[in-house]
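**Q** Got a file for you: my_file.txt, compact mmCIF, C-alpha atoms.
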```txt
# COMPACT_ATOMS: atom_id res chain seq x y z
CA MET L 60 -8.33 -22.78 7.48
CA SER L 61 -7.42 -23.42 3.84
CA TRP L 62 -6.67 -20.17 1.99
CA MET L 63 -6.58 -22.21 -1.23
CA PHE L 64 -10.39 -22.23 -1.25
CA LEU L 65 -10.44 -18.44 -1.18
CA ARG L 66 -7.84 -18.35 -3.96
CA ASP L 67 -9.95 -20.74 -6.09
CA LEU L 68 -13.05 -18.63 -5.44
CA LEU L 69 -11.31 -15.45 -6.60
CA SER L 70 -9.92 -17.26 -9.66
CA GLY L 71 -13.40 -18.53 -10.54
CA VAL L 72 -14.92 -15.05 -10.38
CA ASN L 73 -12.21 -13.70 -12.67
CA LYS L 74 -13.89 -14.94 -15.88
CA TYR L 75 -17.16 -13.18 -14.99
CA SER L 76 -15.58 -9.84 -14.05
CA THR L 77 -15.09 -6.66 -16.05
CA GLY L 78 -11.58 -5.39 -16.86
CA ILE L 79 -11.54 -3.24 -13.73
CA GLY L 80 -12.84 -6.17 -11.70
CA ARG L 81 -9.91 -8.28 -12.89
CA ILE L 82 -7.50 -5.60 -11.68
CA TRP L 83 -9.26 -5.68 -8.28
CA LEU L 84 -8.90 -9.47 -8.20
CA ALA L 85 -5.19 -9.21 -9.03
CA VAL L 86 -4.65 -6.65 -6.25
CA MET L 87 -6.67 -8.75 -3.82
CA PHE L 88 -4.78 -11.95 -4.65
CA ALA L 89 -1.22 -10.60 -5.04
CA PHE L 90 -1.14 -7.80 -2.47
CA CYS L 91 -3.56 -9.03 0.19
CA LEU L 92 -3.94 -12.80 0.20
CA LEU L 93 -0.37 -13.73 -0.76
CA VAL L 94 1.23 -11.15 1.56
CA TYR L 95 -0.94 -12.41 4.41
CA MET L 96 -0.12 -16.08 3.74
CA VAL L 97 3.61 -15.62 3.12
CA ALA L 98 4.63 -12.94 5.64
CA ALA L 99 2.02 -11.18 7.79
CA GLU L 100 0.73 -14.27 9.57
CA HIS L 101 4.25 -15.09 10.82
CA VAL L 102 4.91 -11.54 12.10
CA TRP L 103 2.02 -11.80 14.59
CA LYS L 104 2.66 -15.48 15.39
CA ASP L 105 4.01 -14.95 18.94
CA GLU L 106 2.46 -11.57 19.73
CA GLN L 107 1.11 -12.56 23.16
CA LYS L 108 4.21 -14.53 24.13
CA GLU L 109 6.48 -11.56 23.31
CA PHE L 110 4.22 -8.97 24.98
CA GLU L 111 6.03 -7.91 28.20
CA CYS L 112 5.12 -5.63 31.09
CA ASN L 113 7.46 -4.40 33.84
CA SER L 114 5.35 -6.03 36.53
CA ARG L 115 5.39 -9.53 38.02
CA GLN L 116 1.80 -9.26 39.28
CA PRO L 117 -0.07 -12.41 38.13
CA GLY L 118 -2.65 -11.60 35.46
CA CYS L 119 -1.40 -8.06 34.81
CA GLU L 120 0.16 -8.84 31.43
CA ASN L 121 -2.91 -10.76 30.25
CA VAL L 122 -5.27 -7.92 31.19
CA CYS L 123 -3.11 -5.28 29.51
CA PHE L 124 -2.70 -7.38 26.38
CA ASP L 125 -6.44 -7.94 26.16
CA ASP L 126 -7.07 -4.21 26.63
CA PHE L 127 -4.82 -3.16 23.76
CA PHE L 128 -5.55 -6.16 21.49
CA PRO L 129 -9.30 -6.86 21.98
CA ILE L 130 -8.94 -8.88 18.77
CA SER L 131 -5.66 -9.83 17.16
CA GLN L 132 -4.78 -7.48 14.29
CA VAL L 133 -3.76 -10.34 12.01
CA ARG L 134 -7.02 -12.22 12.71
CA LEU L 135 -8.98 -9.06 11.95
CA TRP L 136 -7.02 -8.83 8.68
CA ALA L 137 -7.94 -12.46 7.90
CA LEU L 138 -11.60 -11.74 8.68
CA GLN L 139 -11.46 -8.73 6.35
CA LEU L 140 -10.07 -10.86 3.50
CA ILE L 141 -12.84 -13.42 3.95
CA MET L 142 -15.68 -10.89 4.23
CA VAL L 143 -14.47 -8.80 1.26
CA SER L 144 -14.06 -11.87 -0.97
CA THR L 145 -17.37 -13.53 -0.06
CA PRO L 146 -19.69 -11.17 -2.07
CA SER L 147 -17.94 -12.35 -5.24
CA LEU L 148 -19.52 -15.74 -4.55
CA LEU L 149 -22.91 -14.16 -5.41
CA VAL L 150 -21.80 -13.74 -9.03
CA VAL L 151 -20.59 -17.36 -9.26
CA LEU L 152 -23.88 -18.61 -7.76
CA HIS L 153 -25.91 -16.50 -10.18
CA VAL L 154 -24.03 -17.92 -13.18
CA ALA L 155 -24.52 -21.43 -11.75
CA TYR L 156 -28.25 -20.66 -11.46
CA ARG L 157 -28.30 -19.68 -15.15
CA GLU L 158 -26.56 -22.92 -16.07
CA SER L 159 -29.04 -25.04 -14.08
CA ARG L 160 -31.96 -23.11 -15.61
CA GLU L 161 -30.75 -23.83 -19.13
CA LYS L 162 -30.30 -27.52 -18.29
CA ARG L 163 -33.78 -27.67 -16.79
CA HIS L 164 -35.41 -26.09 -19.85
CA ARG L 165 -33.03 -27.89 -22.25
CA LYS L 166 -32.56 -24.85 -24.44
CA LYS L 167 -30.43 -21.74 -24.78
CA LEU L 168 -31.93 -19.01 -22.59
CA TYR L 169 -29.02 -16.58 -22.57
CA VAL L 170 -26.68 -15.28 -25.25
CA SER L 171 -23.85 -16.00 -22.82
CA LEU L 172 -24.07 -17.25 -19.26
CA ALA L 173 -21.62 -14.58 -18.10
CA THR L 174 -23.13 -11.67 -20.06
CA MET L 175 -23.47 -8.71 -17.71
CA ASP L 176 -27.19 -8.04 -18.24
CA GLY L 177 -30.51 -8.52 -16.48
CA GLY L 178 -30.33 -10.10 -13.04
CA LEU L 179 -26.60 -10.79 -13.27
CA TRP L 180 -25.94 -7.06 -13.70
CA TYR L 181 -27.82 -6.32 -10.47
CA THR L 182 -26.07 -9.18 -8.66
CA TYR L 183 -22.67 -7.87 -9.74
CA LEU L 184 -23.62 -4.33 -8.70
CA ILE L 185 -24.79 -5.52 -5.27
CA SER L 186 -21.56 -7.51 -4.79
CA LEU L 187 -19.53 -4.36 -5.56
CA ILE L 188 -21.52 -2.27 -3.06
CA VAL L 189 -21.19 -4.93 -0.34
CA LYS L 190 -17.44 -5.34 -0.97
CA THR L 191 -16.90 -1.58 -0.76
CA GLY L 192 -18.96 -1.42 2.44
CA PHE L 193 -16.86 -4.17 4.04
CA GLU L 194 -13.59 -2.48 3.02
CA ILE L 195 -14.64 0.87 4.51
CA GLY L 196 -16.14 -0.79 7.59
CA PHE L 197 -12.98 -2.73 8.42
CA LEU L 198 -10.77 0.34 7.96
CA VAL L 199 -12.94 2.25 10.42
CA LEU L 200 -12.93 -0.74 12.80
CA PHE L 201 -9.11 -0.95 12.64
CA TYR L 202 -8.79 2.75 13.39
CA LYS L 203 -11.28 2.68 16.28
CA LEU L 204 -9.93 -0.48 17.95
CA TYR L 205 -6.24 0.50 17.90
CA ASP L 206 -6.46 4.33 17.93
CA GLY L 207 -4.88 4.64 14.52
CA PHE L 208 -2.94 2.52 12.07
CA SER L 209 0.40 2.46 13.88
CA VAL L 210 1.60 0.00 16.53
CA PRO L 211 3.37 1.72 19.47
CA TYR L 212 6.41 0.10 21.05
CA LEU L 213 5.22 1.12 24.54
CA ILE L 214 1.78 1.29 26.14
CA LYS L 215 0.88 2.27 29.70
CA CYS L 216 -1.63 0.17 31.57
CA ASP L 217 -3.24 0.74 34.97
CA LEU L 218 -5.95 -1.92 34.94
CA LYS L 219 -6.51 -4.31 37.83
CA PRO L 220 -4.78 -6.50 38.97
CA CYS L 221 -1.77 -4.33 38.02
CA PRO L 222 -0.50 -2.70 41.26
CA ASN L 223 0.06 0.68 39.54
CA THR L 224 0.62 2.14 36.06
CA VAL L 225 2.95 -0.29 34.30
CA ASP L 226 4.85 -0.05 31.02
CA CYS L 227 4.12 -2.78 28.48
CA PHE L 228 6.23 -3.41 25.41
CA ILE L 229 4.98 -4.77 22.08
CA SER L 230 7.26 -6.91 19.96
CA ARG L 231 8.31 -5.73 16.47
CA PRO L 232 6.09 -2.61 16.42
CA THR L 233 7.79 -1.07 13.35
CA GLU L 234 7.36 -4.22 11.27
CA LYS L 235 3.74 -4.55 12.30
CA THR L 236 3.07 -0.89 11.52
CA ILE L 237 4.52 -1.33 8.02
CA PHE L 238 2.25 -4.31 7.35
CA ILE L 239 -0.82 -2.46 8.67
CA LEU L 240 -0.06 0.59 6.53
CA PHE L 241 0.37 -1.76 3.56
CA LEU L 242 -3.07 -3.21 4.34
CA VAL L 243 -4.61 0.27 4.61
CA ILE L 244 -3.11 1.44 1.30
CA THR L 245 -4.22 -1.75 -0.45
CA SER L 246 -7.74 -1.44 0.99
CA CYS L 247 -7.95 2.18 -0.20
CA LEU L 248 -6.82 1.07 -3.66
CA CYS L 249 -9.51 -1.64 -3.69
CA ILE L 250 -12.16 0.91 -2.63
CA VAL L 251 -11.12 3.24 -5.46
CA LEU L 252 -11.23 0.37 -7.97
CA ASN L 253 -14.69 -0.65 -6.73
CA PHE L 254 -15.98 2.92 -7.09
CA ILE L 255 -14.53 3.17 -10.62
CA GLU L 256 -16.08 -0.15 -11.63
CA LEU L 257 -19.41 0.80 -10.05
CA SER L 258 -19.43 4.12 -11.94
CA PHE L 259 -18.42 2.36 -15.16
CA LEU L 260 -21.27 -0.17 -14.94
CA VAL L 261 -23.89 2.46 -14.09
CA LEU L 262 -22.67 4.82 -16.84
CA LYS L 263 -22.56 1.99 -19.38
CA CYS L 264 -26.12 0.96 -18.48
CA PHE L 265 -27.30 4.60 -18.67
CA ILE L 266 -25.76 5.08 -22.14
CA LYS L 267 -27.26 1.79 -23.32
CA CYS L 268 -30.74 2.80 -22.10
CA CYS L 269 -30.43 6.22 -23.78
CA LEU L 270 -29.39 4.65 -27.09
CA GLN L 271 -32.30 2.20 -26.96
CA LYS L 272 -34.71 5.01 -26.15
CA TYR L 273 -33.55 7.19 -29.07
CA SER L 274 -33.43 4.25 -31.49
CA LYS L 275 -37.14 3.60 -30.86
CA LYS L 276 -38.09 7.16 -31.82
CA PRO L 277 -39.36 7.54 -35.44
```
Could you spell out this file's structure in structure tokens?
**A**
Amino acid sequence: MSWMFLRDLLSGVNKYSTGIGRIWLAVMFAFCLLVYMVAAEHVWKDEQKEFECNSRQPGCENVCFDDFFPISQVRLWALQLIMVSTPSLLVVLHVAYRESREKRHRKKLYVSLATMDGGLWYTYLISLIVKTGFEIGFLVLFYKLYDGFSVPYLIKCDLKPCPNTVDCFISRPTEKTIFILFLVITSCLCIVLNFIELSFLVLKCFIKCCLQKYSKKP
């Protein structure tokens, strides 16, 4: 797939984001997308080819590999990047809807197309909640699938057609563990940024409503 499309999507959302949202986009682009494209994808490139078990039984290695890697870690990382970035498309589509509405009515309907008010405020809030949900969900999924965030150098497998309990060795476990921990730390940072931005938007809206309420009083 072309990661350039995802990069362009994130760049397009940047002009509609708050200050905290721009920090999230920078973290997402520099520490997740670029690291994945430049380094992480190559680390897992030959993971099945370099997975070895001390058994010559046909099919044993494949069964053991499938048991420990029900889905490739790097592909799960790629899926996480796509799913976390997709909600930002809601904001772009909403702004595009505003543009088409103004063209249809041939007059200025909004002070600014990207002003964070009305429906766009709710759209942005929903996108933040969905992004945070995906981040937390994928962290839990990672932990459940691989029994933690570290990659062991040795696993023991006794599944058929293996004749007995065999030792299987994973290639470059330390390097893979470092990348996974990097992913976990970055995801946690993104979750914190999303919570801060969510709190900021809600608090800002609350203060604005209070000011409008008191200004109407005689």
**Q** Put a box with edges along x, y and z around all the listed atoms of segment 123-132 of chain L, pad it by 5 Å on each side, then give me its centre and sizes in Å, one decimal, as lines of an AutoDock Vina configuration file.
**A**
```
center_x = -6.0
center_y = -6.5
center_z = 21.9
size_x = 16.6
size_y = 16.7
size_z = 25.2
```
**Q** Point out the residue among L:Val225, L:Cys91, L:Leu240, L:Val97 with the least atom-to-atom distance to Val143 of chain L, counting all atoms listed in the file.
**A**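 Nearest to Val143 of chain L: L:Cys91.
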**Q** For His153 of chain L, which residue out of L:Leu218, L:Leu187, L:Ile82, L:Leu179 is the nearest one, using only C-alpha atoms?
**A** L:Leu179
**Q** Just the residues within 12 Å of Gly118 of chain L, please, counting only C-alpha atoms, with nothing from its chain fewer than 6 positions along; format it as a list in words.
**A**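 So the residues in contact are Glu111, Cys112, Phe124, Asp125, Leu218, Lys219, Pro220, Cys221 and Pro222 of chain L.
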**Q** Need the shell around Ile195 of chain L: protein/DNA/RNA residues with any atom at most 9 Å away, counting only C-alpha atoms. Skip same-chain ones fewer than 5 positions apart. Format as a PyMOL selection string?
**A** chain L and resi 190+200+246-247+250
**Q** Do a neighbour search on Phe208 of chain L at 12 Å with only C-alpha atoms, toss out local chain neighbours closer than 4 positions, and write the hits as a PDB file with C-alpha atoms, in the coordinates of the input.
**A**
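Dumped everything to result31.pdb:
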```
ATOM      1  CA  GLN L 132      -4.780  -7.480  14.290  1.00  0.00           C
ATOM      2  CA  PHE L 197     -12.980  -2.730   8.420  1.00  0.00           C
ATOM      3  CA  LEU L 198     -10.770   0.340   7.960  1.00  0.00           C
ATOM      4  CA  VAL L 199     -12.940   2.250  10.420  1.00  0.00           C
ATOM      5  CA  LEU L 200     -12.930  -0.740  12.800  1.00  0.00           C
ATOM      6  CA  PHE L 201      -9.110  -0.950  12.640  1.00  0.00           C
ATOM      7  CA  TYR L 202      -8.790   2.750  13.390  1.00  0.00           C
ATOM      8  CA  LYS L 203     -11.280   2.680  16.280  1.00  0.00           C
ATOM      9  CA  LEU L 204      -9.930  -0.480  17.950  1.00  0.00           C
ATOM     10  CA  PRO L 232       6.090  -2.610  16.420  1.00  0.00           C
ATOM     11  CA  THR L 233       7.790  -1.070  13.350  1.00  0.00           C
ATOM     12  CA  LYS L 235       3.740  -4.550  12.300  1.00  0.00           C
ATOM     13  CA  THR L 236       3.070  -0.890  11.520  1.00  0.00           C
ATOM     14  CA  ILE L 237       4.520  -1.330   8.020  1.00  0.00           C
ATOM     15  CA  PHE L 238       2.250  -4.310   7.350  1.00  0.00           C
ATOM     16  CA  ILE L 239      -0.820  -2.460   8.670  1.00  0.00           C
ATOM     17  CA  LEU L 240      -0.060   0.590   6.530  1.00  0.00           C
ATOM     18  CA  PHE L 241       0.370  -1.760   3.560  1.00  0.00           C
ATOM     19  CA  LEU L 242      -3.070  -3.210   4.340  1.00  0.00           C
ATOM     20  CA  VAL L 243      -4.610   0.270   4.610  1.00  0.00           C
ATOM     21  CA  ILE L 244      -3.110   1.440   1.300  1.00  0.00           C
TER      22      ILE L 244
END
```
**Q** Hey, which of L:His101, L:Leu92, L:Arg115, L:Gly177 ends up closest to Ala137 of chain L? Count all atoms listed in the file.
**A**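 Answer, going by the shortest atom-to-atom distance: L:Leu92.
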**Q** Tell me which of L:Val151, L:Ile229, L:Met142, L:Leu270 sits closest to Trp103 of chain L, counting all atoms listed in the file.
**A**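 When distances to Trp103 of chain L are compared using all atoms listed in the file, the smallest one comes from L:Ile229.
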**Q** So how far away is atom CA of Lys167 of chain L from atom CA of Tyr183 of chain L, in Å?
**A**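 Atom CA of Lys167 of chain L lies 21.9 Å from atom CA of Tyr183 of chain L.
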**Q** Measuring atom to atom with all atoms listed in the file, identify which of L:Tyr95, L:His164, L:Leu148, L:Phe110 is nearest to Val133 of chain L.
**A**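 Smallest distance to Val133 of chain L is found for L:Tyr95.
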**Q** Which residue out of L:Tyr273, L:Asp126, L:Val102, L:Ile185 has the minimum interatomic distance to Pro146 of chain L when only C-alpha atoms are used?
**A** L:Ile185
**Q** Please compute the atom CA of Lys272 of chain L-atom CA of Leu257 of chain L distance, one decimal, in Å.
**A** 22.6 Å
**Q** What is the atom CA of Pro211 of chain L to atom CA of Leu248 of chain L distance in Å?
**A** 25.3 Å
**Q** Show me, as a compact mmCIF listing (two decimals) with C-alpha atoms, in the frame of the given file, the residues that have an atom within 12 Å of Asn113 of chain L when counting all atoms listed in the file, minus same-chain residues fewer than 5 positions from it.
**A**
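Saved the output as part25.txt:
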```
# COMPACT_ATOMS: atom_id res chain seq x y z
CA CYS L 119 -1.40 -8.06 34.81
CA GLU L 120 0.16 -8.84 31.43
CA CYS L 123 -3.11 -5.28 29.51
CA LEU L 213 5.22 1.12 24.54
CA ILE L 214 1.78 1.29 26.14
CA LYS L 215 0.88 2.27 29.70
CA CYS L 216 -1.63 0.17 31.57
CA ASP L 217 -3.24 0.74 34.97
CA CYS L 221 -1.77 -4.33 38.02
CA PRO L 222 -0.50 -2.70 41.26
CA ASN L 223 0.06 0.68 39.54
CA THR L 224 0.62 2.14 36.06
CA VAL L 225 2.95 -0.29 34.30
CA ASP L 226 4.85 -0.05 31.02
CA CYS L 227 4.12 -2.78 28.48
CA PHE L 228 6.23 -3.41 25.41
```
**Q** I'd like the neighbourhood of segment 262-265 of chain L as a PDB file with C-alpha atoms, in the coordinates of the input, where a residue qualifies if any of its atoms comes within 12 Å (using only C-alpha atoms), though same-chain residues fewer than 5 positions away should be ignored.
**A**
```pdb
ATOM      1  CA  THR L  77     -15.090  -6.660 -16.050  1.00  0.00           C
ATOM      2  CA  MET L 175     -23.470  -8.710 -17.710  1.00  0.00           C
ATOM      3  CA  ASP L 176     -27.190  -8.040 -18.240  1.00  0.00           C
ATOM      4  CA  GLY L 177     -30.510  -8.520 -16.480  1.00  0.00           C
ATOM      5  CA  TRP L 180     -25.940  -7.060 -13.700  1.00  0.00           C
ATOM      6  CA  TYR L 181     -27.820  -6.320 -10.470  1.00  0.00           C
ATOM      7  CA  LEU L 184     -23.620  -4.330  -8.700  1.00  0.00           C
ATOM      8  CA  PHE L 254     -15.980   2.920  -7.090  1.00  0.00           C
ATOM      9  CA  ILE L 255     -14.530   3.170 -10.620  1.00  0.00           C
ATOM     10  CA  GLU L 256     -16.080  -0.150 -11.630  1.00  0.00           C
ATOM     11  CA  LEU L 257     -19.410   0.800 -10.050  1.00  0.00           C
ATOM     12  CA  LEU L 270     -29.390   4.650 -27.090  1.00  0.00           C
ATOM     13  CA  GLN L 271     -32.300   2.200 -26.960  1.00  0.00           C
ATOM     14  CA  LYS L 272     -34.710   5.010 -26.150  1.00  0.00           C
TER      15      LYS L 272
END
```
**Q** As a PDB file, keeping the file's coordinate frame, please: segment 218-252 of chain L completed to N, CA and C atoms.
**A**
```
ATOM      1  N   LEU L 218      -4.779  -1.096  34.642  1.00  0.00           N
ATOM      2  CA  LEU L 218      -5.950  -1.920  34.940  1.00  0.00           C
ATOM      3  C   LEU L 218      -5.653  -2.911  36.056  1.00  0.00           C
ATOM      4  N   LYS L 219      -6.663  -3.263  36.810  1.00  0.00           N
ATOM      5  CA  LYS L 219      -6.510  -4.310  37.830  1.00  0.00           C
ATOM      6  C   LYS L 219      -6.315  -5.648  37.122  1.00  0.00           C
ATOM      7  N   PRO L 220      -5.454  -6.507  37.660  1.00  0.00           N
ATOM      8  CA  PRO L 220      -4.780  -6.500  38.970  1.00  0.00           C
ATOM      9  C   PRO L 220      -3.399  -5.846  38.990  1.00  0.00           C
ATOM     10  N   CYS L 221      -3.067  -5.016  38.009  1.00  0.00           N
ATOM     11  CA  CYS L 221      -1.770  -4.330  38.020  1.00  0.00           C
ATOM     12  C   CYS L 221      -1.697  -3.426  39.260  1.00  0.00           C
ATOM     13  N   PRO L 222      -0.601  -3.466  40.008  1.00  0.00           N
ATOM     14  CA  PRO L 222      -0.500  -2.700  41.260  1.00  0.00           C
ATOM     15  C   PRO L 222      -0.474  -1.191  41.041  1.00  0.00           C
ATOM     16  N   ASN L 223       0.015  -0.752  39.876  1.00  0.00           N
ATOM     17  CA  ASN L 223       0.060   0.680  39.540  1.00  0.00           C
ATOM     18  C   ASN L 223       0.158   0.787  38.012  1.00  0.00           C
ATOM     19  N   THR L 224       0.460   1.976  37.511  1.00  0.00           N
ATOM     20  CA  THR L 224       0.620   2.140  36.060  1.00  0.00           C
ATOM     21  C   THR L 224       1.915   1.462  35.618  1.00  0.00           C
ATOM     22  N   VAL L 225       1.782   0.474  34.751  1.00  0.00           N
ATOM     23  CA  VAL L 225       2.950  -0.290  34.300  1.00  0.00           C
ATOM     24  C   VAL L 225       3.210  -0.013  32.819  1.00  0.00           C
ATOM     25  N   ASP L 226       4.459  -0.194  32.428  1.00  0.00           N
ATOM     26  CA  ASP L 226       4.850  -0.050  31.020  1.00  0.00           C
ATOM     27  C   ASP L 226       4.833  -1.427  30.368  1.00  0.00           C
ATOM     28  N   CYS L 227       4.169  -1.516  29.224  1.00  0.00           N
ATOM     29  CA  CYS L 227       4.120  -2.780  28.480  1.00  0.00           C
ATOM     30  C   CYS L 227       4.725  -2.558  27.097  1.00  0.00           C
ATOM     31  N   PHE L 228       5.487  -3.540  26.657  1.00  0.00           N
ATOM     32  CA  PHE L 228       6.230  -3.410  25.410  1.00  0.00           C
ATOM     33  C   PHE L 228       5.712  -4.422  24.381  1.00  0.00           C
ATOM     34  N   ILE L 229       5.493  -3.939  23.170  1.00  0.00           N
ATOM     35  CA  ILE L 229       4.980  -4.770  22.080  1.00  0.00           C
ATOM     36  C   ILE L 229       6.152  -5.166  21.181  1.00  0.00           C
ATOM     37  N   SER L 230       6.165  -6.420  20.799  1.00  0.00           N
ATOM     38  CA  SER L 230       7.260  -6.910  19.960  1.00  0.00           C
ATOM     39  C   SER L 230       7.109  -6.448  18.510  1.00  0.00           C
ATOM     40  N   ARG L 231       8.218  -6.116  17.881  1.00  0.00           N
ATOM     41  CA  ARG L 231       8.310  -5.730  16.470  1.00  0.00           C
ATOM     42  C   ARG L 231       7.263  -4.706  16.040  1.00  0.00           C
ATOM     43  N   PRO L 232       7.136  -3.596  16.757  1.00  0.00           N
ATOM     44  CA  PRO L 232       6.090  -2.610  16.420  1.00  0.00           C
ATOM     45  C   PRO L 232       6.277  -1.973  15.050  1.00  0.00           C
ATOM     46  N   THR L 233       7.542  -1.703  14.653  1.00  0.00           N
ATOM     47  CA  THR L 233       7.790  -1.070  13.350  1.00  0.00           C
ATOM     48  C   THR L 233       7.367  -1.975  12.205  1.00  0.00           C
ATOM     49  N   GLU L 234       7.720  -3.258  12.313  1.00  0.00           N
ATOM     50  CA  GLU L 234       7.360  -4.220  11.270  1.00  0.00           C
ATOM     51  C   GLU L 234       5.852  -4.369  11.157  1.00  0.00           C
ATOM     52  N   LYS L 235       5.195  -4.422  12.302  1.00  0.00           N
ATOM     53  CA  LYS L 235       3.740  -4.550  12.300  1.00  0.00           C
ATOM     54  C   LYS L 235       3.066  -3.306  11.730  1.00  0.00           C
ATOM     55  N   THR L 236       3.613  -2.136  12.058  1.00  0.00           N
ATOM     56  CA  THR L 236       3.070  -0.890  11.520  1.00  0.00           C
ATOM     57  C   THR L 236       3.178  -0.853  10.002  1.00  0.00           C
ATOM     58  N   ILE L 237       4.314  -1.306   9.475  1.00  0.00           N
ATOM     59  CA  ILE L 237       4.520  -1.330   8.020  1.00  0.00           C
ATOM     60  C   ILE L 237       3.480  -2.220   7.352  1.00  0.00           C
ATOM     61  N   PHE L 238       3.238  -3.394   7.927  1.00  0.00           N
ATOM     62  CA  PHE L 238       2.250  -4.310   7.350  1.00  0.00           C
ATOM     63  C   PHE L 238       0.839  -3.721   7.427  1.00  0.00           C
ATOM     64  N   ILE L 239       0.513  -3.061   8.530  1.00  0.00           N
ATOM     65  CA  ILE L 239      -0.820  -2.460   8.670  1.00  0.00           C
ATOM     66  C   ILE L 239      -1.010  -1.321   7.675  1.00  0.00           C
ATOM     67  N   LEU L 240       0.021  -0.494   7.509  1.00  0.00           N
ATOM     68  CA  LEU L 240      -0.060   0.590   6.530  1.00  0.00           C
ATOM     69  C   LEU L 240      -0.189   0.027   5.115  1.00  0.00           C
ATOM     70  N   PHE L 241       0.496  -1.079   4.852  1.00  0.00           N
ATOM     71  CA  PHE L 241       0.370  -1.760   3.560  1.00  0.00           C
ATOM     72  C   PHE L 241      -1.075  -2.220   3.348  1.00  0.00           C
ATOM     73  N   LEU L 242      -1.667  -2.772   4.408  1.00  0.00           N
ATOM     74  CA  LEU L 242      -3.070  -3.210   4.340  1.00  0.00           C
ATOM     75  C   LEU L 242      -3.993  -2.038   4.078  1.00  0.00           C
ATOM     76  N   VAL L 243      -3.761  -0.916   4.765  1.00  0.00           N
ATOM     77  CA  VAL L 243      -4.610   0.270   4.610  1.00  0.00           C
ATOM     78  C   VAL L 243      -4.518   0.818   3.188  1.00  0.00           C
ATOM     79  N   ILE L 244      -3.301   0.926   2.664  1.00  0.00           N
ATOM     80  CA  ILE L 244      -3.110   1.440   1.300  1.00  0.00           C
ATOM     81  C   ILE L 244      -3.772   0.524   0.285  1.00  0.00           C
ATOM     82  N   THR L 245      -3.610  -0.792   0.470  1.00  0.00           N
ATOM     83  CA  THR L 245      -4.220  -1.750  -0.450  1.00  0.00           C
ATOM     84  C   THR L 245      -5.742  -1.692  -0.381  1.00  0.00           C
ATOM     85  N   SER L 246      -6.288  -1.556   0.828  1.00  0.00           N
ATOM     86  CA  SER L 246      -7.740  -1.440   0.990  1.00  0.00           C
ATOM     87  C   SER L 246      -8.273  -0.185   0.311  1.00  0.00           C
ATOM     88  N   CYS L 247      -7.542   0.924   0.461  1.00  0.00           N
ATOM     89  CA  CYS L 247      -7.950   2.180  -0.200  1.00  0.00           C
ATOM     90  C   CYS L 247      -7.923   2.024  -1.720  1.00  0.00           C
ATOM     91  N   LEU L 248      -6.901   1.326  -2.222  1.00  0.00           N
ATOM     92  CA  LEU L 248      -6.820   1.070  -3.660  1.00  0.00           C
ATOM     93  C   LEU L 248      -8.000   0.229  -4.135  1.00  0.00           C
ATOM     94  N   CYS L 249      -8.363  -0.786  -3.346  1.00  0.00           N
ATOM     95  CA  CYS L 249      -9.510  -1.640  -3.690  1.00  0.00           C
ATOM     96  C   CYS L 249     -10.815  -0.842  -3.674  1.00  0.00           C
ATOM     97  N   ILE L 250     -10.957   0.066  -2.707  1.00  0.00           N
ATOM     98  CA  ILE L 250     -12.160   0.910  -2.630  1.00  0.00           C
ATOM     99  C   ILE L 250     -12.265   1.799  -3.865  1.00  0.00           C
ATOM    100  N   VAL L 251     -11.136   2.389  -4.261  1.00  0.00           N
ATOM    101  CA  VAL L 251     -11.120   3.240  -5.460  1.00  0.00           C
ATOM    102  C   VAL L 251     -11.494   2.434  -6.696  1.00  0.00           C
ATOM    103  N   LEU L 252     -10.921   1.236  -6.826  1.00  0.00           N
ATOM    104  CA  LEU L 252     -11.230   0.370  -7.970  1.00  0.00           C
ATOM    105  C   LEU L 252     -12.708  -0.018  -7.991  1.00  0.00           C
TER     106      LEU L 252
END
```
